[in-house]
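Comments concern the structure below.
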Amino acid sequence: MSMTSLTQISRRQFLRGDIRGRRLTPPPPWATGGGLFEELCSACDACIDACPESILARSPSGLPTVDFRRGACTFCGACTDSCETGALVRTGGVDPWAHVARVGAGCLALRGVMCESCRDACDSGAIRMSYGVGAVATPRINQPSCTGCGSCVGVCPGDAIEVY
């Protein structure tokens with residue numbers, strides 16, 4: 001019998017049934033692309049310590065990642081200001097990332113339960129409710145308006161929203 005490599009997952013992923021660790025955990029805003037972030041990041045925790053929202057954490061791989069269950073990203077740039085390796089580079093006029101939110105099957109509204117938590121938390125107005133006659137309103141994300149800040153993730157009682 002051969003040994004296969006195991007995927008490290010968090011306790012929350014295990015309890016949620018995500019035993020393969022498929023849920024995306026994005027790097028901090030303004031992470032260099034094309035594999036450069038992983039190459040340049042020294043995992044020094046400077047960005048984690050600098051984040052005023054305390055939403056940055058260490059991923060199972062040891063690199064910093066964003067945990068939107070802790071709160072939303074305000075794109076203040078403190079993480080990039082603290083990065084001395086060039087793994088996080090804030091340049092003028094460039095969006096911090098292309099991540100947007102999506103609603104998954106665990107959404108209470110999609111299951112017929114009245115819930116508008118995500119819409120209420122969305123400061124950019126990217127989440128609208130779609131109302132139907134005799135049906136519970138369901139969330140719709142206007143992706144061009146979504147900043148990927150994650151404000152909708154932590155407030156979702158069904159743990160159905162992720163930023164990808």
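All residue names refer to the structure tokens as shown: chains lettered A, B, ... in order, residues numbered from 1 in each chain, ligands numbered from 1 in order.
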(request) Mind checking which residues fall within 7 Å of Trp30 of chain A, counting only C-alpha atoms, ignoring those fewer than 6 positions away in the same chain, and posting them as a PyMOL selection string? (result) chain A and resi 88-90+96-97
(request) Name all residues at most 9 Å from Arg70 of chain A (count only C-alpha atoms; drop same-chain ones fewer than 2 positions away) and give them as a list in words. (result)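 The neighbour list is Glu53, Ser54, Ile55, Leu56, Val66, Asp67, Phe68, Ala72, Val153 and Gly154 of chain A.
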(message) At a cut-off of 7 Å, using only C-alpha atoms, what residues contact Pro64 of chain A? Leave out same-chain residues fewer than 5 positions from it and give the result as a list in words.
(response)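 Once the adjacent positions are removed, what remains is Pro27, Pro28, Ala43, Ile48, Leu56, Ala57, Arg58 and Ser59 of chain A.
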(request) Extract, using only C-alpha atoms, all DNA, RNA and protein residues at most 10 Å from Gly106 of chain A, discarding same-chain residues fewer than 4 positions from it, and format them as a ChimeraX atom specification. (result) /A:110-111,156-161
(request) Write out as a ChimeraX atom specification all residues of segment 35-116 of chain A that backbone DSSP assigns to helix (DSSP H, G or I). (result) /A:36-40,46-50,68-70,78-82,109-111
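Proximity of A:Cys76, A:Ala31, A:Cys122, A:Val136 to Cys51 of chain A, computed with only C-alpha atoms, is greatest for A:Cys76.
The two atoms in question, atom CA of Ser145 of chain A and atom CA of Glu162 of chain A, are spaced 15.8 Å apart.
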(message) Which residues are near Arg128 of chain A? Cut-off 8 Å, only C-alpha atoms, ignore same chain within fewer than 5 positions. Put them as a ChimeraX atom specification.
(response) /A:119,139-142
(request) In Å, rounded to a single decimal, give me how far atom CA of Ala101 of chain A is from atom CA of Cys149 of chain A. (result) 8.4 Å
(request) Record the distance separating atom CA of Thr147 of chain A and atom CA of Glu116 of chain A, expressed in Å with one decimal. (result) 18.8 Å
